[in-house]
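protein.cif (mmCIF, C-alpha atoms and all ligand atoms)
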```
data_input
loop_
_atom_site.label_atom_id
_atom_site.label_comp_id
_atom_site.auth_asym_id
_atom_site.auth_seq_id
_atom_site.Cartn_x
_atom_site.Cartn_y
_atom_site.Cartn_z
CA PHE A 63 -21.92 -17.13 116.25
CA ALA A 64 -24.21 -14.96 118.31
CA PRO A 65 -25.88 -12.26 116.22
CA TRP A 66 -28.07 -11.19 119.13
CA ASN A 67 -24.89 -9.97 120.84
CA ASP A 68 -24.28 -7.56 118.03
CA ALA A 69 -26.18 -4.41 118.92
CA SER A 70 -25.90 -3.10 115.35
CA GLU A 71 -27.86 -5.98 113.83
CA LYS A 72 -31.57 -5.38 113.34
CA PRO A 73 -33.91 -8.19 114.34
CA LEU A 74 -35.48 -10.31 111.59
CA ILE A 75 -38.68 -10.65 113.62
CA THR A 76 -40.09 -8.25 116.17
CA PHE A 77 -43.19 -8.75 118.29
CA LYS A 78 -44.41 -5.42 119.67
CA ASN A 79 -46.99 -5.61 122.44
CA VAL A 80 -48.70 -8.53 120.77
CA THR A 81 -51.89 -9.82 122.34
CA LYS A 82 -54.00 -12.64 120.92
CA LYS A 83 -57.43 -13.37 122.29
CA PHE A 84 -59.81 -16.17 121.38
CA GLY A 85 -63.11 -14.69 122.54
CA GLU A 86 -62.44 -13.65 126.12
CA PHE A 87 -59.52 -16.04 126.48
CA VAL A 88 -56.09 -14.40 126.34
CA ALA A 89 -53.73 -16.84 124.60
CA ILE A 90 -50.85 -14.34 124.18
CA SER A 91 -50.55 -11.40 126.52
CA ASP A 92 -48.73 -8.15 125.59
CA LEU A 93 -45.67 -9.98 124.29
CA ASN A 94 -42.43 -8.34 123.16
CA LEU A 95 -39.68 -10.35 121.49
CA ASP A 96 -36.85 -9.95 118.96
CA ILE A 97 -35.53 -12.86 116.91
CA TYR A 98 -32.42 -12.33 114.77
CA ALA A 99 -31.42 -13.69 111.38
CA ARG A 100 -29.62 -17.05 111.47
CA GLU A 101 -30.83 -17.87 114.97
CA PHE A 102 -32.13 -21.30 115.90
CA PHE A 103 -34.80 -20.10 118.30
CA ALA A 104 -36.93 -22.38 120.48
CA LEU A 105 -40.34 -21.62 121.99
CA LEU A 106 -40.64 -23.86 125.02
CA GLY A 107 -43.44 -24.33 127.49
CA PRO A 108 -46.15 -26.67 128.73
CA SER A 109 -49.24 -27.52 126.71
CA GLY A 110 -51.54 -24.54 126.28
CA CYS A 111 -48.97 -21.82 127.05
CA GLY A 112 -49.37 -20.26 123.60
CA LYS A 113 -46.36 -21.56 121.64
CA THR A 114 -48.33 -22.68 118.62
CA THR A 115 -50.43 -19.52 118.60
CA LEU A 116 -47.26 -17.43 118.49
CA MET A 117 -45.95 -19.49 115.59
CA ARG A 118 -49.25 -19.43 113.71
CA MET A 119 -49.23 -15.64 113.90
CA LEU A 120 -45.77 -15.66 112.31
CA ALA A 121 -47.00 -17.93 109.55
CA GLY A 122 -50.05 -15.75 108.97
CA PHE A 123 -52.66 -18.34 110.00
CA GLU A 124 -53.71 -16.09 112.90
CA THR A 125 -53.64 -12.32 113.27
CA PRO A 126 -52.86 -10.51 116.54
CA THR A 127 -55.83 -8.99 118.37
CA SER A 128 -53.55 -6.03 119.10
CA GLY A 129 -49.89 -5.18 118.61
CA VAL A 130 -47.59 -5.55 115.63
CA ILE A 131 -45.36 -8.30 114.25
CA GLU A 132 -42.56 -7.15 111.95
CA LEU A 133 -40.58 -9.28 109.53
CA ALA A 134 -37.39 -7.58 108.36
CA GLY A 135 -38.74 -4.24 109.58
CA GLN A 136 -42.08 -4.50 107.77
CA ASP A 137 -45.46 -5.02 109.44
CA ILE A 138 -46.30 -8.62 108.59
CA ALA A 139 -50.00 -7.82 108.31
CA ALA A 140 -49.19 -5.85 105.15
CA ILE A 141 -47.43 -8.81 103.47
CA PRO A 142 -49.66 -11.48 101.88
CA PRO A 143 -48.84 -14.99 103.21
CA ASN A 144 -47.36 -16.18 99.87
CA LYS A 145 -44.96 -13.19 99.82
CA ARG A 146 -43.74 -13.66 103.37
CA GLU A 147 -40.69 -15.85 102.77
CA VAL A 148 -41.88 -17.85 105.77
CA ASN A 149 -42.46 -21.56 105.63
CA MET A 150 -43.90 -23.90 108.21
CA MET A 151 -43.08 -27.57 108.70
CA PHE A 152 -45.71 -29.60 110.49
CA GLN A 153 -45.31 -32.60 112.75
CA SER A 154 -47.40 -34.70 110.37
CA TYR A 155 -44.98 -33.84 107.51
CA ALA A 156 -47.88 -33.64 105.02
CA LEU A 157 -45.97 -35.25 102.14
CA PHE A 158 -47.91 -36.21 99.01
CA PRO A 159 -48.13 -40.02 99.09
CA HIS A 160 -48.52 -40.42 95.32
CA LEU A 161 -45.47 -38.30 94.46
CA ASN A 162 -41.93 -39.58 94.79
CA ILE A 163 -39.47 -37.78 97.01
CA TRP A 164 -37.94 -35.78 94.16
CA ASP A 165 -41.36 -34.49 93.12
CA ASN A 166 -42.39 -33.80 96.69
CA ILE A 167 -39.39 -31.51 97.06
CA ALA A 168 -40.00 -29.93 93.65
CA PHE A 169 -43.70 -29.32 94.31
CA GLY A 170 -43.55 -25.74 95.60
CA LEU A 171 -40.93 -24.74 93.02
CA ARG A 172 -43.07 -26.02 90.15
CA ARG A 173 -46.04 -24.16 91.49
CA GLU A 174 -44.16 -20.91 91.45
CA LYS A 175 -42.94 -21.74 87.92
CA MET A 176 -39.22 -21.77 88.61
CA PRO A 177 -37.25 -22.41 85.37
CA LYS A 178 -36.60 -26.14 84.88
CA ASP A 179 -32.80 -26.27 85.18
CA GLN A 180 -32.83 -23.95 88.17
CA MET A 181 -35.49 -26.10 89.80
CA GLU A 182 -33.54 -29.30 89.15
CA ALA A 183 -30.40 -27.84 90.64
CA ARG A 184 -32.35 -26.70 93.67
CA VAL A 185 -33.97 -30.10 94.27
CA GLU A 186 -30.60 -31.87 93.92
CA GLU A 187 -29.10 -29.43 96.40
CA MET A 188 -31.90 -30.12 98.90
CA LEU A 189 -31.45 -33.88 98.44
CA ARG A 190 -27.74 -33.52 99.16
CA LEU A 191 -28.36 -31.27 102.15
CA THR A 192 -30.68 -33.82 103.76
CA LYS A 193 -28.67 -36.85 102.58
CA MET A 194 -31.62 -38.22 100.60
CA GLU A 195 -30.01 -38.46 97.12
CA LYS A 196 -30.28 -42.25 97.05
CA PHE A 197 -33.99 -42.20 97.82
CA ALA A 198 -35.12 -39.58 95.31
CA ARG A 199 -37.26 -42.01 93.26
CA ARG A 200 -38.98 -43.65 96.22
CA LYS A 201 -42.46 -42.78 97.46
CA PRO A 202 -42.81 -41.48 101.02
CA HIS A 203 -44.15 -44.83 102.31
CA GLN A 204 -40.99 -46.54 101.01
CA VAL A 205 -38.66 -44.66 103.37
CA SER A 206 -38.36 -44.60 107.18
CA GLY A 207 -40.00 -42.07 109.51
CA GLY A 208 -36.72 -40.25 110.03
CA GLN A 209 -36.18 -40.04 106.27
CA ARG A 210 -39.70 -38.72 105.72
CA GLN A 211 -38.91 -36.04 108.26
CA ARG A 212 -35.82 -35.10 106.23
CA VAL A 213 -37.85 -34.94 103.03
CA ALA A 214 -40.34 -32.63 104.71
CA LEU A 215 -37.44 -30.45 105.78
CA ALA A 216 -35.97 -30.47 102.26
CA ARG A 217 -39.34 -29.45 100.86
CA SER A 218 -39.75 -26.65 103.40
CA LEU A 219 -36.30 -25.27 102.59
CA ALA A 220 -36.51 -25.64 98.80
CA LYS A 221 -37.88 -22.13 98.29
CA ALA A 222 -35.10 -20.73 100.49
CA PRO A 223 -37.40 -19.02 103.00
CA LYS A 224 -35.96 -16.39 105.33
CA LEU A 225 -37.73 -18.07 108.20
CA LEU A 226 -38.63 -21.70 108.79
CA LEU A 227 -41.17 -22.54 111.48
CA LEU A 228 -41.01 -26.05 112.91
CA ASP A 229 -43.94 -27.23 115.02
CA GLU A 230 -42.81 -30.19 117.16
CA PRO A 231 -40.93 -31.49 114.10
CA LEU A 232 -39.48 -34.57 115.80
CA GLY A 233 -42.55 -35.57 117.80
CA ALA A 234 -43.18 -38.72 115.79
CA LEU A 235 -39.65 -40.11 116.07
CA ASP A 236 -38.42 -42.53 118.74
CA ALA A 237 -35.87 -41.32 121.29
CA LYS A 238 -32.65 -42.49 119.59
CA LEU A 239 -33.63 -41.31 116.12
CA ARG A 240 -34.86 -38.08 117.62
CA GLN A 241 -31.43 -37.35 119.07
CA ASP A 242 -29.62 -38.06 115.80
CA THR A 243 -32.14 -35.94 113.93
CA GLN A 244 -31.64 -33.04 116.33
CA PHE A 245 -27.97 -32.93 115.32
CA GLU A 246 -28.88 -33.13 111.63
CA LEU A 247 -31.33 -30.26 112.07
CA MET A 248 -28.60 -28.17 113.68
CA ASP A 249 -26.17 -28.95 110.84
CA ILE A 250 -28.76 -28.07 108.20
CA GLN A 251 -29.75 -24.86 109.96
CA GLU A 252 -26.12 -23.84 110.19
CA SER A 253 -25.24 -24.66 106.59
CA THR A 254 -28.26 -22.88 105.09
CA GLY A 255 -28.16 -19.93 107.49
CA THR A 256 -31.97 -19.92 107.54
CA THR A 257 -33.61 -18.64 110.71
CA PHE A 258 -35.34 -21.53 112.45
CA VAL A 259 -38.06 -21.10 115.05
CA ILE A 260 -39.01 -24.39 116.66
CA VAL A 261 -41.94 -25.10 118.97
CA THR A 262 -41.40 -27.85 121.50
CA HIS A 263 -42.54 -28.90 124.95
CA ASP A 264 -39.40 -31.04 125.31
CA GLN A 265 -36.85 -29.04 127.27
CA GLU A 266 -33.94 -31.30 126.34
CA GLU A 267 -34.73 -30.83 122.68
CA ALA A 268 -34.88 -27.05 123.06
CA MET A 269 -31.58 -27.02 124.97
CA THR A 270 -29.90 -29.24 122.35
CA VAL A 271 -30.86 -27.50 119.15
CA ALA A 272 -31.47 -23.89 120.01
CA SER A 273 -29.09 -20.97 120.21
CA ARG A 274 -31.71 -19.19 122.32
CA VAL A 275 -34.74 -20.44 124.17
CA ALA A 276 -37.90 -18.59 125.19
CA VAL A 277 -39.64 -20.20 128.15
CA MET A 278 -43.37 -19.43 128.11
CA ASP A 279 -46.09 -19.61 130.72
CA HIS A 280 -49.75 -18.69 130.18
CA GLY A 281 -49.20 -16.54 127.12
CA LYS A 282 -46.18 -14.68 128.51
CA LEU A 283 -42.43 -14.99 128.06
CA VAL A 284 -40.84 -15.80 131.39
CA GLN A 285 -37.18 -15.94 130.35
CA VAL A 286 -35.42 -15.62 126.99
CA ASP A 287 -31.75 -16.50 126.84
CA THR A 288 -29.12 -19.03 125.78
CA PRO A 289 -29.65 -22.56 127.11
CA ASP A 290 -26.70 -22.38 129.52
CA VAL A 291 -27.80 -19.07 131.06
CA ILE A 292 -31.34 -20.37 131.50
CA TYR A 293 -30.05 -23.54 133.14
CA GLU A 294 -27.45 -21.90 135.36
CA THR A 295 -29.38 -18.76 136.28
CA PRO A 296 -33.11 -19.32 136.00
CA ASN A 297 -35.07 -16.16 136.83
CA SER A 298 -37.91 -17.95 138.64
CA VAL A 299 -38.87 -21.18 140.32
CA TYR A 300 -41.06 -21.89 137.27
CA VAL A 301 -38.08 -21.81 134.90
CA ALA A 302 -35.75 -23.69 137.29
CA ASP A 303 -38.34 -26.41 137.60
CA PHE A 304 -39.22 -26.58 133.91
CA ILE A 305 -35.61 -26.83 132.70
CA GLY A 306 -33.78 -29.86 134.01
CA ASP A 307 -33.91 -31.53 137.39
CA VAL A 308 -33.85 -29.35 140.49
CA ASN A 309 -34.45 -29.30 144.24
CA ILE A 310 -36.64 -26.41 145.38
CA ILE A 311 -36.24 -25.57 149.07
CA GLU A 312 -38.66 -22.94 150.35
CA GLY A 313 -38.00 -20.65 153.27
CA THR A 314 -37.29 -17.09 154.36
CA ALA A 315 -34.40 -15.31 152.72
CA GLU A 316 -32.21 -12.66 154.24
CA ALA A 317 -29.94 -10.76 151.89
CA ASN A 318 -26.40 -10.14 153.06
CA GLY A 319 -24.40 -8.40 150.33
CA GLU A 320 -23.87 -10.82 147.45
CA SER A 321 -25.02 -13.85 149.37
CA VAL A 322 -28.41 -14.75 150.74
CA SER A 323 -29.16 -16.98 153.68
CA LEU A 324 -32.30 -19.06 153.71
CA THR A 325 -33.93 -20.19 156.93
CA TRP A 326 -36.04 -23.10 155.92
CA ALA A 327 -36.77 -25.71 158.58
CA GLU A 328 -36.50 -26.05 162.31
CA GLY A 329 -33.46 -28.02 163.41
CA GLN A 330 -31.80 -27.57 160.00
CA PRO A 331 -28.95 -25.16 159.37
CA ALA A 332 -29.70 -22.07 157.27
CA LEU A 333 -28.59 -22.45 153.64
CA ILE A 334 -26.36 -19.97 151.85
CA GLY A 335 -26.90 -19.22 148.17
CA SER A 336 -26.57 -16.47 145.61
CA ALA A 337 -29.31 -14.35 144.11
CA ASN A 338 -29.35 -13.25 140.47
CA GLN A 339 -32.09 -10.72 141.12
CA PRO A 340 -32.57 -8.26 143.96
CA ILE A 341 -33.95 -9.93 147.07
CA SER A 342 -35.45 -7.57 149.62
CA LYS A 343 -33.99 -7.70 153.08
CA VAL A 344 -36.29 -10.41 154.38
CA ALA A 345 -38.62 -12.20 152.01
CA SER A 346 -40.21 -15.53 151.32
CA ALA A 347 -38.03 -17.27 148.77
CA ALA A 348 -36.82 -20.62 147.51
CA MET A 349 -33.41 -22.03 146.80
CA ALA A 350 -33.05 -23.89 143.51
CA ILE A 351 -30.20 -26.35 143.68
CA ARG A 352 -29.36 -28.76 140.84
CA PRO A 353 -28.84 -32.40 141.91
CA GLU A 354 -25.45 -32.61 140.18
CA LYS A 355 -24.14 -29.72 142.29
CA ILE A 356 -24.71 -31.64 145.51
CA ALA A 357 -21.93 -33.90 146.79
CA ILE A 358 -22.61 -37.00 148.89
CA SER A 359 -20.08 -38.21 151.44
CA SER A 360 -19.93 -40.61 154.35
CA LYS A 361 -17.89 -38.15 156.45
CA LYS A 362 -19.04 -34.65 157.34
CA PRO A 363 -17.39 -32.29 154.86
CA THR A 364 -15.47 -29.39 156.36
CA ASP A 365 -14.89 -27.28 153.26
CA ARG A 366 -18.45 -26.49 152.17
CA THR A 367 -21.00 -23.94 153.23
CA ASN A 368 -24.17 -25.97 153.03
CA VAL A 369 -24.07 -29.29 154.85
CA LEU A 370 -27.10 -31.47 155.60
CA GLN A 371 -27.34 -34.91 157.13
CA GLY A 372 -29.67 -37.67 155.99
CA LYS A 373 -30.18 -41.29 154.97
CA VAL A 374 -30.25 -42.84 151.50
CA LEU A 375 -33.87 -43.54 150.58
CA ASP A 376 -33.58 -44.62 146.93
CA ILE A 377 -30.89 -44.98 144.31
CA ALA A 378 -31.52 -44.89 140.57
CA TYR A 379 -28.57 -46.21 138.56
CA LEU A 380 -28.67 -44.65 135.10
CA GLY A 381 -25.31 -45.79 133.72
CA ASN A 382 -23.41 -42.54 133.39
CA ILE A 383 -24.92 -41.13 136.56
CA SER A 384 -26.73 -42.29 139.68
CA THR A 385 -29.50 -40.30 141.31
CA TYR A 386 -29.76 -40.57 145.08
CA HIS A 387 -32.83 -39.62 147.05
CA VAL A 388 -31.65 -38.65 150.52
CA GLN A 389 -34.12 -38.12 153.34
CA LEU A 390 -33.26 -35.61 156.06
CA ASP A 391 -34.35 -35.97 159.71
CA ASN A 392 -37.28 -33.64 159.08
CA GLY A 393 -38.58 -35.83 156.27
CA THR A 394 -37.47 -33.59 153.37
CA VAL A 395 -36.12 -35.57 150.43
CA ILE A 396 -33.22 -34.07 148.46
CA LYS A 397 -32.05 -35.37 145.08
CA ALA A 398 -28.32 -35.60 144.45
CA GLN A 399 -26.63 -36.89 141.33
CA ILE A 400 -23.22 -38.46 141.07
CA ALA A 401 -21.31 -39.13 137.86
CA ASN A 402 -20.36 -42.80 137.72
CA THR A 403 -16.71 -43.08 136.92
CA ARG A 404 -15.67 -46.63 136.14
CA ARG A 405 -14.31 -47.30 139.59
CA ILE A 406 -17.11 -46.11 141.80
CA ALA A 407 -20.14 -47.12 139.74
CA ARG A 408 -22.89 -48.82 141.73
CA ARG A 409 -21.02 -49.28 144.96
CA ASN A 410 -20.89 -45.81 146.48
CA PHE A 411 -23.66 -45.90 149.03
CA THR A 412 -26.54 -48.16 149.63
CA TRP A 413 -30.06 -47.98 150.97
CA LYS A 414 -30.38 -46.49 154.50
CA ASP A 415 -26.70 -45.45 154.63
CA PRO A 416 -26.23 -42.32 156.72
CA VAL A 417 -24.73 -39.66 154.42
CA TRP A 418 -23.83 -35.98 154.26
CA LEU A 419 -25.03 -33.75 151.48
CA SER A 420 -23.09 -30.60 150.73
CA TRP A 421 -22.81 -27.79 148.21
CA THR A 422 -21.01 -24.50 147.85
CA ASP A 423 -22.47 -21.07 148.56
CA THR A 424 -22.64 -20.18 144.85
CA ALA A 425 -24.29 -23.43 143.70
CA GLY A 426 -27.78 -22.67 144.98
CA ILE A 427 -29.79 -19.83 143.44
CA VAL A 428 -32.20 -18.03 145.75
CA LEU A 429 -35.37 -16.90 143.96
CA ALA A 430 -38.26 -14.80 145.17
CA VAL A 431 -41.57 -16.64 145.37
P1 LIG A 501 -49.56 -27.47 122.82
O1 LIG A 501 -48.15 -27.77 123.24
O2 LIG A 501 -50.56 -28.33 123.53
O3 LIG A 501 -49.76 -27.42 121.35
P2 LIG A 501 -49.41 -24.59 122.91
O4 LIG A 501 -48.50 -24.00 123.93
O5 LIG A 501 -48.92 -24.66 121.53
O6 LIG A 501 -49.90 -26.01 123.40
P3 LIG A 501 -51.59 -23.07 121.85
O7 LIG A 501 -52.01 -24.07 120.84
O8 LIG A 501 -50.87 -21.87 121.37
O9 LIG A 501 -50.75 -23.76 123.01
O10 LIG A 501 -52.88 -22.61 122.64
C1 LIG A 501 -52.84 -21.63 123.68
C2 LIG A 501 -54.21 -21.52 124.31
O11 LIG A 501 -55.12 -20.91 123.37
C3 LIG A 501 -54.81 -22.85 124.69
O12 LIG A 501 -55.46 -22.71 125.93
C4 LIG A 501 -55.81 -23.13 123.60
O13 LIG A 501 -56.90 -23.88 124.08
C5 LIG A 501 -56.23 -21.74 123.16
N1 LIG A 501 -56.57 -21.72 121.73
C6 LIG A 501 -55.73 -21.95 120.69
N2 LIG A 501 -56.35 -21.81 119.50
C7 LIG A 501 -57.64 -21.48 119.78
C8 LIG A 501 -58.80 -21.20 118.98
N3 LIG A 501 -58.74 -21.21 117.65
N4 LIG A 501 -59.94 -20.92 119.63
C9 LIG A 501 -60.00 -20.88 120.97
N5 LIG A 501 -58.95 -21.12 121.79
C10 LIG A 501 -57.78 -21.42 121.21
#
```
Entire entry expressed as structure tokens:
Amino acid sequence: FAPWNDASEKPLITFKNVTKKFGEFVAISDLNLDIYAREFFALLGPSGCGKTTLMRMLAGFETPTSGVIELAGQDIAAIPPNKREVNMMFQSYALFPHLNIWDNIAFGLRREKMPKDQMEARVEEMLRLTKMEKFARRKPHQVSGGQRQRVALARSLAKAPKLLLLDEPLGALDAKLRQDTQFELMDIQESTGTTFVIVTHDQEEAMTVASRVAVMDHGKLVQVDTPDVIYETPNSVYVADFIGDVNIIEGTAEANGESVSLTWAEGQPALIGSANQPISKVASAAMAIRPEKIAISSKKPTDRTNVLQGKVLDIAYLGNISTYHVQLDNGTVIKAQIANTRRIARRNFTWKDPVWLSWTDTAGIVLAV
């Protein structure tokens, strides 16, 4: 389901030329963005890029210095925070320690004086949704960290907000639990149809849960798209480098129709790649090539465009894959990744083996620098 492909659907949230300054410091700079109903949208970027500020403006904890934020077509500034149908879930969960889980979930509903039977039905539904029925009578300290996270989610969703903001919601969980919880979050988002906006600096998390990802840098959006488009066709070296593992090879590009050739080091053959943005005739550029798109062989391949010779410097065996660091004659180190099928695991190549690296002419993306 991809509502943002449907041109007739109006966005749930619109940022129009939004700037946020703290004193002289520009935290968000002239930002434009549409987020649609039922999206699971991730704001991704390094510490300090403005993710939290963007989210806090949605929640109403900050106001833009200039520009407008609309929720369902209405300027958010005109809607008091308690009427916004926006809820925010914090990393610290902020559960009430003296209340049991049932009462924690019911808290917001009681406060808005929802009729008793309606409230009870709603709490039971939230307990079912987050698979916490069995723990309803326990206090927060009597359940695990992952379960507390689910209670916090149940409480945030109890009032059926249009928009749920999640600020690094899984930050406190260990890696394995974090992965399981990511899938639960996706299931819950899908079954409630609530729009989720998540802030994270973990690119794998953003790629896993989100239907669309916004990559941010210094208060600006650099690229906004589906995870696969961002991974396969990053629009800049910054994005290529931030999302996943990549080799960046700098040089001088020369455009030649669809393909671009990159002259990059003396004594090394020029590399051929594709450009997803116009490259002027001759320009300084970089090729971004993912390690898993590079093949390693002991014989010189004859069927590939880009072929480089080197020696194995390091091998990292990671179970499903192995990462090879291969050093070329000119000292450059290139990372290549090989999937370990049962038969070839561990024994492919060893340290100092002479090898050939190769990739096709569409595997490397040439980006302006
Ligand atoms: P992190 O991942 O570390 O939380 P972030 O991308 O969420 O980072 P923000 O919290 O949005 O970043 O902060 C963006 C920039 O604005 C930072 O440089 C921060 O120091 C600055 N900033 C945020 N809030 C304030 C404030 N109230 N006063 C002054 N500067 C602020």
Expected residue set, 10 Å radius at (-23.7, -15.5, 143.1), all atoms listed in the file, as number ranges by chain: A: 295, 320-322, 335-339, 423-428
At most 7 Å from ligand LIG 501 (chain A) (all atoms listed in the file): residue list as a list of chain:residue names: A:Phe84, A:Phe87, A:Ala89, A:Gly107, A:Pro108, A:Ser109, A:Gly110, A:Cys111, A:Gly112, A:Lys113, A:Thr114, A:Thr115, A:Leu116, A:Thr262, A:His263
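Candidate residues A:Glu354, A:Glu230, A:Asp179, A:Asp365 were compared for distance to Asn402 of chain A, and the nearest is A:Glu354, using all atoms listed in the file.
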Surrounding residues of Glu267 of chain A excluding itself and chain neighbours under 4 positions, 10 Å, only C-alpha atoms, as number ranges by chain: A: 104, 106, 230, 232, 240-241, 244, 260-263, 271-272
Separation of atom CA of Ala237 of chain A from atom CA of Ala222 of chain A, in Å and rounded to one decimal: 29.3 Å
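With distances taken over all atoms listed in the file, A:Val301 is the one residue among A:Leu419, A:Val88, A:Val301, A:Ile377 lying closest to Leu283 of chain A.
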Selected residue, from A:Val259, A:Met188, A:Ile97, A:Met248, that lies nearest to Val148 of chain A when counting only C-alpha atoms: A:Val259
Atom-to-atom span, atom CA of Ile396 of chain A and atom CA of Ser360 of chain A, Å: 15.9 Å
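Counting only C-alpha atoms, Gly135 of chain A has the following residues at most 9 Å away, ignoring those fewer than 3 positions along the same chain: A:Lys72, A:Pro73, A:Leu74, A:Ile75, A:Thr76, A:Glu132, A:Ile138.
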Contact residues around Thr81 of chain A with only C-alpha atoms at 7 Å, ignoring same-chain residues under 3 positions, as an NGL selection string: :A and (90-93 or 126-129)
Selected residues, C-alpha atoms, written as a PDB file, keeping the file's coordinate frame, please.
```
ATOM      1  CA  ILE A  90     -50.850 -14.340 124.180  1.00  0.00           C
ATOM      2  CA  SER A  91     -50.550 -11.400 126.520  1.00  0.00           C
ATOM      3  CA  ASP A  92     -48.730  -8.150 125.590  1.00  0.00           C
ATOM      4  CA  LEU A  93     -45.670  -9.980 124.290  1.00  0.00           C
ATOM      5  CA  PRO A 126     -52.860 -10.510 116.540  1.00  0.00           C
ATOM      6  CA  THR A 127     -55.830  -8.990 118.370  1.00  0.00           C
ATOM      7  CA  SER A 128     -53.550  -6.030 119.100  1.00  0.00           C
ATOM      8  CA  GLY A 129     -49.890  -5.180 118.610  1.00  0.00           C
TER       9      GLY A 129
END
```
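Closest approach to Val299 of chain A among A:Ala276, A:Val431, A:Leu95, A:Ile400 is made by A:Val431 (distances from all atoms listed in the file).
One distance worth recording is that between atom CA of Ser420 of chain A and atom CA of Lys397 of chain A, which is 11.6 Å.
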Which residue of A:Glu246, A:Asn309, A:Val417, A:Ser218 approaches Pro363 of chain A most closely, using all atoms listed in the file: A:Val417
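Ranking A:Asp415, A:Leu429, A:Leu189, A:Ala139 by their shortest atom-to-atom distance to Ser298 of chain A, with all atoms listed in the file included, puts A:Leu429 first.
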Who sits within 9 Å of Trp418 of chain A, only C-alpha atoms, same chain under 3 positions skipped, as a list in words: Ala357, Ile358, Ser359, Ser360, Lys361, Lys362, Pro363, Val369, Leu370, Gln371, Gly372 and Lys373 of chain A
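Within a radius of 10 Å around (-36.0, -32.4, 153.7), the polymer residues are Ile311, Trp326, Ala327, Gln330, Leu370, Gln371, Gly372, Val388, Gln389, Leu390, Asp391, Asn392, Gly393, Thr394, Val395, Ile396 and Lys397 of chain A, counting all atoms listed in the file.
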All residues 10 Å or closer to segment 157-174 of chain A, all atoms listed in the file, same chain fewer than 4 positions away omitted, as a PyMOL selection string: chain A and resi 178+180-182+184-186+188-189+194-195+197-205+210-211+213-221
